[in-house]
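Asker: Mind looking over this structure? Questions follow.
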Amino acid sequence: MAAQFKRLALQLDTLAVFRNLLETPVLKSLRTLLAALEGASAPAAAYAYAEVYYALREAGAAGVGAYLDKTLKYTETPFARAVMEGAADTSFLSAAARDMAVLSDLSQLTCAQIKRHIISLPEAEFADVLDTLPEWETGGLPSFDALVSFYRQHGAGPLALYKAFVWTGGGLVPVDAPDPIRFEEMVGYEWQRQAVLDNTRAFVRGSAVNNVLLYGDSGTGKSATVKSMLNVEEFENLALIEVSKQGLAGLPALLELLSRRPRRFILFIDDLTFEPGDPDYSALKILLEGSLRERPRNVALYVTSNRRQLVKRNFSDQDDMTGGETVQEKTSLADRFGIRLPFFSLNQEDYLATVTELVRQAGIRMDADKLKKEALQWALEHGARTPRTARQFVDELIAGQGAARMRPEKRRSNEEVI
């Protein structure tokens, strides 16, 4: 048995493609354990065993195989990049396959085997204590072919692990908990939202698609429409990157980072408006028009704005000798979006229909006339008839009903289910 551990330790030491794993706490503790199993005392081996268990749990893994699976997929390595870019030659693939075989043997090593050997070592005076050492799961490491397939389909590193990021120009910051809003839960603006869904579906399938501009009044669901794309089940390989206005100047670096990756990325710029002479205007214009280098096919741009033309116009534009050219330049930016979708405040009928649907979804029971009166009063007090206003009104109803349930009252017989 000692020879088996010694052989596995040597194999680990000679990992060639996935050597980065040797610097992780889990693999370091496993290497220490294997060394202790070669002939050290039982207490020293038991100590090393406990260190492995702790390192696994600290990493959130139930076993060695599960830990290696996540680490290999979501750590970017030269091999992962080579596979993503189709540049992994036969020698590289063979070396990686050899490393995976070693890691598979490591993941198949059972805790029962290890504990039996520890009990056989010198100074194993308290076998009952050693026998109660906790165990981690065995197996769980996918095949080498499965790993390669994952790289080709999803990529590697954080860009394969997370679905949402924020880009400020200095790097990508992962978003652990993206907005959970779902497309099917949204109400109103059906044809506009369907246009976004159809464009995104074609994009995820690999087609060249249009950039999208969603413009109109605040609170109409422009941003929510874009964010809901992340929660469409068939868009598993889609990621959303929110780009701040300050990050526009760094767009070339971002595009370089995203190019040659198998995943599809929507660059999302929310509530965008340019002041006259704003230098960031040129960065967006280059992205829309393209420069000498073609924009990656796996990147699309979705922008929301309260302004149709994106660039604020001054009266001086008209007075300028070249005012026609100035105005044309400013209005042409929006025209560079292949899809332009209006989102304006609702009329009274559509607003009430939106409230009614949200009330139905919430399971609220309320007299129809009372609902209409209170919904219109809420819109009047809040200065807008928008889906956001309707949602806030229904949230207030939900809160009120929650309070009412704490004070049970007899239900009126003429209540109607809305």
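Labels for the structure tokens follow display order: chains A, B, ..., residues from 1 in each chain, ligands from 1.
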Could you pull the residues within 9 Å of Leu284 (chain A), counting only C-alpha atoms, minus those fewer than 2 positions along the same chain, as a count of residues only?

Answerer: 11

Asker: Can you pull out the residues contacting Gln348 (chain A)? Cut-off 12 Å, using only C-alpha atoms, and skip same-chain residues under 2 positions away; I want them as a list in words.

Answerer: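 In the requested form, the answer reads Ser345, Leu346, Asp350, Tyr351, Leu352, Ala353, Thr354, Val355, Lys372, Lys373, Ala375, Leu376, Gln377, Ala379, Leu380, Ala384, Arg385, Thr386, Pro387 and Ala390 of chain A.
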
Asker: Next, dump the selected residues to file, keeping only N, CA and C atoms, as a PDB file, in the first residue's frame.

Answerer:
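Listing of out-v3.pdb after writing:
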```
ATOM      1  N   SER A 345     -44.405  55.888 -21.662  1.00  0.00           N
ATOM      2  CA  SER A 345     -45.391  55.696 -20.600  1.00  0.00           C
ATOM      3  C   SER A 345     -46.699  55.142 -21.165  1.00  0.00           C
ATOM      4  N   LEU A 346     -47.413  54.407 -20.339  1.00  0.00           N
ATOM      5  CA  LEU A 346     -48.632  53.732 -20.767  1.00  0.00           C
ATOM      6  C   LEU A 346     -49.821  54.689 -20.768  1.00  0.00           C
ATOM      7  N   ASP A 350     -53.839  50.710 -20.786  1.00  0.00           N
ATOM      8  CA  ASP A 350     -52.733  49.756 -20.682  1.00  0.00           C
ATOM      9  C   ASP A 350     -52.156  49.721 -19.268  1.00  0.00           C
ATOM     10  N   TYR A 351     -52.151  50.863 -18.605  1.00  0.00           N
ATOM     11  CA  TYR A 351     -51.664  50.901 -17.224  1.00  0.00           C
ATOM     12  C   TYR A 351     -52.548  50.031 -16.333  1.00  0.00           C
ATOM     13  N   LEU A 352     -53.860  50.182 -16.463  1.00  0.00           N
ATOM     14  CA  LEU A 352     -54.774  49.378 -15.642  1.00  0.00           C
ATOM     15  C   LEU A 352     -54.683  47.895 -15.988  1.00  0.00           C
ATOM     16  N   ALA A 353     -54.444  47.589 -17.273  1.00  0.00           N
ATOM     17  CA  ALA A 353     -54.270  46.184 -17.667  1.00  0.00           C
ATOM     18  C   ALA A 353     -53.009  45.605 -17.029  1.00  0.00           C
ATOM     19  N   THR A 354     -51.966  46.415 -16.958  1.00  0.00           N
ATOM     20  CA  THR A 354     -50.726  45.974 -16.323  1.00  0.00           C
ATOM     21  C   THR A 354     -50.946  45.723 -14.838  1.00  0.00           C
ATOM     22  N   VAL A 355     -51.630  46.640 -14.167  1.00  0.00           N
ATOM     23  CA  VAL A 355     -51.934  46.463 -12.739  1.00  0.00           C
ATOM     24  C   VAL A 355     -52.758  45.196 -12.531  1.00  0.00           C
ATOM     25  N   LYS A 372     -59.268  49.755  -9.456  1.00  0.00           N
ATOM     26  CA  LYS A 372     -59.073  50.749 -10.514  1.00  0.00           C
ATOM     27  C   LYS A 372     -58.867  52.133  -9.914  1.00  0.00           C
ATOM     28  N   LYS A 373     -59.711  52.494  -8.943  1.00  0.00           N
ATOM     29  CA  LYS A 373     -59.625  53.819  -8.337  1.00  0.00           C
ATOM     30  C   LYS A 373     -58.281  54.027  -7.645  1.00  0.00           C
ATOM     31  N   ALA A 375     -55.455  52.350  -8.082  1.00  0.00           N
ATOM     32  CA  ALA A 375     -54.329  52.282  -9.023  1.00  0.00           C
ATOM     33  C   ALA A 375     -54.131  53.612  -9.732  1.00  0.00           C
ATOM     34  N   LEU A 376     -55.255  54.249 -10.143  1.00  0.00           N
ATOM     35  CA  LEU A 376     -55.154  55.541 -10.819  1.00  0.00           C
ATOM     36  C   LEU A 376     -54.682  56.631  -9.851  1.00  0.00           C
ATOM     37  N   GLN A 377     -55.146  56.564  -8.622  1.00  0.00           N
ATOM     38  CA  GLN A 377     -54.712  57.547  -7.628  1.00  0.00           C
ATOM     39  C   GLN A 377     -53.214  57.402  -7.358  1.00  0.00           C
ATOM     40  N   ALA A 379     -50.940  56.264  -9.457  1.00  0.00           N
ATOM     41  CA  ALA A 379     -50.212  56.788 -10.622  1.00  0.00           C
ATOM     42  C   ALA A 379     -50.184  58.313 -10.599  1.00  0.00           C
ATOM     43  N   LEU A 380     -51.301  58.929 -10.196  1.00  0.00           N
ATOM     44  CA  LEU A 380     -51.375  60.389 -10.134  1.00  0.00           C
ATOM     45  C   LEU A 380     -50.392  60.931  -9.097  1.00  0.00           C
ATOM     46  N   ALA A 384     -46.582  59.136 -12.889  1.00  0.00           N
ATOM     47  CA  ALA A 384     -46.307  58.359 -14.108  1.00  0.00           C
ATOM     48  C   ALA A 384     -47.213  57.135 -14.171  1.00  0.00           C
ATOM     49  N   ARG A 385     -47.538  56.750 -15.406  1.00  0.00           N
ATOM     50  CA  ARG A 385     -48.225  55.465 -15.624  1.00  0.00           C
ATOM     51  C   ARG A 385     -47.230  54.554 -16.335  1.00  0.00           C
ATOM     52  N   THR A 386     -46.457  53.837 -15.568  1.00  0.00           N
ATOM     53  CA  THR A 386     -45.432  52.947 -16.121  1.00  0.00           C
ATOM     54  C   THR A 386     -45.509  51.593 -15.430  1.00  0.00           C
ATOM     55  N   PRO A 387     -44.886  50.567 -16.008  1.00  0.00           N
ATOM     56  CA  PRO A 387     -44.828  49.276 -15.330  1.00  0.00           C
ATOM     57  C   PRO A 387     -44.180  49.360 -13.942  1.00  0.00           C
ATOM     58  N   ALA A 390     -46.781  50.627 -11.620  1.00  0.00           N
ATOM     59  CA  ALA A 390     -47.753  49.558 -11.385  1.00  0.00           C
ATOM     60  C   ALA A 390     -47.194  48.520 -10.424  1.00  0.00           C
TER      61      ALA A 390
END
```

Asker: Have a look at CA of Asn199 (chain A) and CA of Leu301 (chain A) and let me know their distance in Å, one decimal.

Answerer: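 About the pair CA of Asn199 (chain A) and CA of Leu301 (chain A): they are 11.3 Å apart.
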
Asker: Within 12 Å of region 184-191 of chain A, counting only C-alpha atoms, which residues show up once you throw out same-chain ones fewer than 4 positions away? Write them as a PDB file with C-alpha atoms, in the first residue's frame, please.

Answerer:
```pdb
ATOM      1  CA  PRO A 180     -33.605  37.165 -11.110  1.00  0.00           C
ATOM      2  CA  ALA A 195     -37.871  41.741 -30.596  1.00  0.00           C
ATOM      3  CA  VAL A 196     -35.160  41.641 -27.900  1.00  0.00           C
ATOM      4  CA  LEU A 197     -35.844  37.956 -27.253  1.00  0.00           C
ATOM      5  CA  ASP A 198     -35.727  37.043 -30.951  1.00  0.00           C
ATOM      6  CA  LEU A 214     -34.125  50.594 -26.066  1.00  0.00           C
ATOM      7  CA  GLY A 216     -38.041  56.004 -23.777  1.00  0.00           C
ATOM      8  CA  THR A 220     -40.961  51.290 -18.512  1.00  0.00           C
ATOM      9  CA  GLY A 221     -38.848  48.133 -18.183  1.00  0.00           C
ATOM     10  CA  LYS A 222     -36.033  48.791 -20.639  1.00  0.00           C
ATOM     11  CA  SER A 223     -33.263  47.600 -18.326  1.00  0.00           C
ATOM     12  CA  ALA A 224     -35.374  44.767 -16.942  1.00  0.00           C
ATOM     13  CA  THR A 225     -35.996  43.511 -20.475  1.00  0.00           C
ATOM     14  CA  VAL A 226     -32.266  43.221 -21.126  1.00  0.00           C
ATOM     15  CA  LYS A 227     -31.508  41.659 -17.733  1.00  0.00           C
ATOM     16  CA  SER A 228     -34.262  39.084 -18.182  1.00  0.00           C
ATOM     17  CA  MET A 229     -32.307  37.538 -21.069  1.00  0.00           C
ATOM     18  CA  ASN A 231     -32.793  33.935 -17.063  1.00  0.00           C
ATOM     19  CA  VAL A 232     -34.092  32.429 -20.305  1.00  0.00           C
ATOM     20  CA  GLU A 233     -33.417  28.690 -19.986  1.00  0.00           C
ATOM     21  CA  LEU A 341     -37.280  49.981 -29.665  1.00  0.00           C
ATOM     22  CA  PRO A 342     -39.509  52.659 -28.060  1.00  0.00           C
ATOM     23  CA  PHE A 343     -40.671  52.340 -24.430  1.00  0.00           C
ATOM     24  CA  PHE A 344     -43.017  55.201 -23.526  1.00  0.00           C
ATOM     25  CA  SER A 345     -45.391  55.696 -20.600  1.00  0.00           C
ATOM     26  CA  LEU A 346     -48.632  53.732 -20.767  1.00  0.00           C
ATOM     27  CA  ASN A 347     -52.041  55.126 -21.532  1.00  0.00           C
ATOM     28  CA  GLU A 349     -56.103  51.487 -20.351  1.00  0.00           C
ATOM     29  CA  ASP A 350     -52.733  49.756 -20.682  1.00  0.00           C
ATOM     30  CA  TYR A 351     -51.664  50.901 -17.224  1.00  0.00           C
ATOM     31  CA  LEU A 352     -54.774  49.378 -15.642  1.00  0.00           C
ATOM     32  CA  ALA A 353     -54.270  46.184 -17.667  1.00  0.00           C
ATOM     33  CA  THR A 354     -50.726  45.974 -16.323  1.00  0.00           C
ATOM     34  CA  VAL A 355     -51.934  46.463 -12.739  1.00  0.00           C
ATOM     35  CA  THR A 356     -54.635  43.822 -13.216  1.00  0.00           C
ATOM     36  CA  GLU A 357     -52.143  41.263 -14.503  1.00  0.00           C
ATOM     37  CA  LEU A 358     -49.676  41.939 -11.676  1.00  0.00           C
ATOM     38  CA  VAL A 359     -52.488  41.631  -9.139  1.00  0.00           C
ATOM     39  CA  ARG A 360     -53.497  38.311 -10.701  1.00  0.00           C
ATOM     40  CA  GLN A 361     -49.911  37.050 -10.547  1.00  0.00           C
ATOM     41  CA  ALA A 362     -49.729  38.053  -6.886  1.00  0.00           C
ATOM     42  CA  ARG A 385     -48.225  55.465 -15.624  1.00  0.00           C
ATOM     43  CA  THR A 386     -45.432  52.947 -16.121  1.00  0.00           C
ATOM     44  CA  PRO A 387     -44.828  49.276 -15.330  1.00  0.00           C
ATOM     45  CA  ARG A 388     -42.555  50.383 -12.470  1.00  0.00           C
ATOM     46  CA  ALA A 390     -47.753  49.558 -11.385  1.00  0.00           C
ATOM     47  CA  ARG A 391     -45.308  47.184  -9.712  1.00  0.00           C
TER      48      ARG A 391
END
```

Asker: Identify, on the basis of only C-alpha atoms, every residue whose closest approach to Ser305 (chain A) does not exceed 9 Å; exclude the query and any residue fewer than 6 positions from it along the same chain; express the result as number ranges by chain.

Answerer: A: 213-218, 222, 269-273

Asker: Hey, can you spit out that residue selection with C-alpha atoms as a PDB file, in the first residue's frame?

Answerer:
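Contents of result-v1.pdb, freshly written:
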```pdb
ATOM      1  CA  LEU A 213     -31.218  50.493 -28.535  1.00  0.00           C
ATOM      2  CA  LEU A 214     -34.125  50.594 -26.066  1.00  0.00           C
ATOM      3  CA  TYR A 215     -35.216  54.199 -25.511  1.00  0.00           C
ATOM      4  CA  GLY A 216     -38.041  56.004 -23.777  1.00  0.00           C
ATOM      5  CA  ASP A 217     -39.413  56.965 -20.390  1.00  0.00           C
ATOM      6  CA  SER A 218     -38.008  55.863 -17.052  1.00  0.00           C
ATOM      7  CA  LYS A 222     -36.033  48.791 -20.639  1.00  0.00           C
ATOM      8  CA  ILE A 269     -24.903  50.056 -21.224  1.00  0.00           C
ATOM      9  CA  ASP A 270     -27.741  51.356 -19.064  1.00  0.00           C
ATOM     10  CA  ASP A 271     -29.283  54.837 -19.093  1.00  0.00           C
ATOM     11  CA  LEU A 272     -26.787  56.258 -21.572  1.00  0.00           C
ATOM     12  CA  THR A 273     -26.734  59.928 -22.542  1.00  0.00           C
TER      13      THR A 273
END
```

Asker: Leaving out Thr14 (chain A) and any residue of its chain fewer than 5 positions from it, which residues lie within 9 Å of it when counting only C-alpha atoms, given as a PyMOL selection string?

Answerer: chain A and resi 9+19+99

Asker: I need the residues from that last selection saved to file as a compact mmCIF listing (two decimals), in the first residue's frame (with N, CA and C atoms), if you can.

Answerer:
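File produced: out_4.txt:
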```txt
# COMPACT_ATOMS: atom_id res chain seq x y z
N ALA A 9 2.32 10.01 -5.36
CA ALA A 9 3.01 11.26 -5.01
C ALA A 9 3.96 11.68 -6.12
N ARG A 19 -0.01 22.02 -13.69
CA ARG A 19 0.87 22.26 -12.55
C ARG A 19 0.33 23.33 -11.60
N ASP A 99 -2.05 13.93 -17.45
CA ASP A 99 -2.30 14.58 -16.17
C ASP A 99 -3.68 14.24 -15.64
```

Asker: Could you tell me how far CA of Lys245 (chain A) sits from CA of Gln392 (chain A), in Å to one decimal place?

Answerer: 28.2 Å

Asker: What are the closest atom pairs, with distances in Å to one decimal, for each residue of region 179-251 of chain A lying within 10 Å of region 160-167 of chain A, using only C-alpha atoms, rows by chain and rising residue number, as JSON lines?

Answerer:
```
{"residue": "A:Asp179", "atom": "CA", "partner": "A:Ala164", "partner_atom": "CA", "distance": 9.3}
{"residue": "A:Lys227", "atom": "CA", "partner": "A:Ala164", "partner_atom": "CA", "distance": 9.4}
{"residue": "A:Leu230", "atom": "CA", "partner": "A:Lys163", "partner_atom": "CA", "distance": 7.3}
{"residue": "A:Asn231", "atom": "CA", "partner": "A:Lys163", "partner_atom": "CA", "distance": 9.7}
{"residue": "A:Glu236", "atom": "CA", "partner": "A:Lys163", "partner_atom": "CA", "distance": 8.7}
{"residue": "A:Asn237", "atom": "CA", "partner": "A:Lys163", "partner_atom": "CA", "distance": 8.4}
{"residue": "A:Leu238", "atom": "CA", "partner": "A:Lys163", "partner_atom": "CA", "distance": 6.9}
{"residue": "A:Ala239", "atom": "CA", "partner": "A:Lys163", "partner_atom": "CA", "distance": 4.5}
{"residue": "A:Leu240", "atom": "CA", "partner": "A:Ala164", "partner_atom": "CA", "distance": 4.8}
{"residue": "A:Ile241", "atom": "CA", "partner": "A:Phe165", "partner_atom": "CA", "distance": 4.7}
{"residue": "A:Glu242", "atom": "CA", "partner": "A:Val166", "partner_atom": "CA", "distance": 4.7}
{"residue": "A:Val243", "atom": "CA", "partner": "A:Trp167", "partner_atom": "CA", "distance": 4.9}
{"residue": "A:Ser244", "atom": "CA", "partner": "A:Trp167", "partner_atom": "CA", "distance": 6.4}
{"residue": "A:Lys245", "atom": "CA", "partner": "A:Trp167", "partner_atom": "CA", "distance": 9.5}
{"residue": "A:Gln246", "atom": "CA", "partner": "A:Trp167", "partner_atom": "CA", "distance": 9.1}
{"residue": "A:Gly247", "atom": "CA", "partner": "A:Trp167", "partner_atom": "CA", "distance": 6.3}
{"residue": "A:Leu248", "atom": "CA", "partner": "A:Trp167", "partner_atom": "CA", "distance": 9.0}
{"residue": "A:Gly250", "atom": "CA", "partner": "A:Trp167", "partner_atom": "CA", "distance": 8.8}
{"residue": "A:Leu251", "atom": "CA", "partner": "A:Trp167", "partner_atom": "CA", "distance": 9.0}
```

Asker: Write out as a PyMOL selection string which residues come within 12 Å of Gln108 (chain A) when counting only C-alpha atoms, dropping same-chain ones fewer than 6 positions away.

Answerer: chain A and resi 8+63-66+68+101-102+114+136-142

Asker: Output C-alpha atoms for every residue in that selection, as an mmCIF file, in the first residue's frame.

Answerer:
```cif
data_model
loop_
_atom_site.group_PDB
_atom_site.id
_atom_site.type_symbol
_atom_site.label_atom_id
_atom_site.label_comp_id
_atom_site.auth_asym_id
_atom_site.auth_seq_id
_atom_site.Cartn_x
_atom_site.Cartn_y
_atom_site.Cartn_z
ATOM 1 C CA LEU A 8 0.876 8.624 -6.727
ATOM 2 C CA GLY A 63 -14.621 15.413 -2.399
ATOM 3 C CA VAL A 64 -11.347 15.568 -4.305
ATOM 4 C CA GLY A 65 -13.002 14.843 -7.658
ATOM 5 C CA ALA A 66 -15.609 17.589 -7.213
ATOM 6 C CA LEU A 68 -10.701 19.192 -9.199
ATOM 7 C CA ALA A 101 -5.344 10.182 -15.606
ATOM 8 C CA VAL A 102 -3.199 11.010 -12.555
ATOM 9 C CA ILE A 114 -6.141 5.731 3.682
ATOM 10 C CA TRP A 136 -14.750 12.902 1.830
ATOM 11 C CA GLU A 137 -16.505 11.645 -1.285
ATOM 12 C CA THR A 138 -14.734 9.422 -3.801
ATOM 13 C CA GLY A 139 -14.809 9.982 -7.578
ATOM 14 C CA GLY A 140 -16.650 12.844 -9.246
ATOM 15 C CA LEU A 141 -13.983 13.850 -11.761
ATOM 16 C CA PRO A 142 -15.293 13.996 -15.363
#
```

Asker: Which of these, A:Ser149, A:Pro134, A:Val175, A:Arg340, has the shortest distance to Ala62 (chain A) once you count only C-alpha atoms?

Answerer: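 Going through A:Ser149, A:Pro134, A:Val175, A:Arg340 one by one, the smallest distance to Ala62 (chain A) is for A:Pro134.
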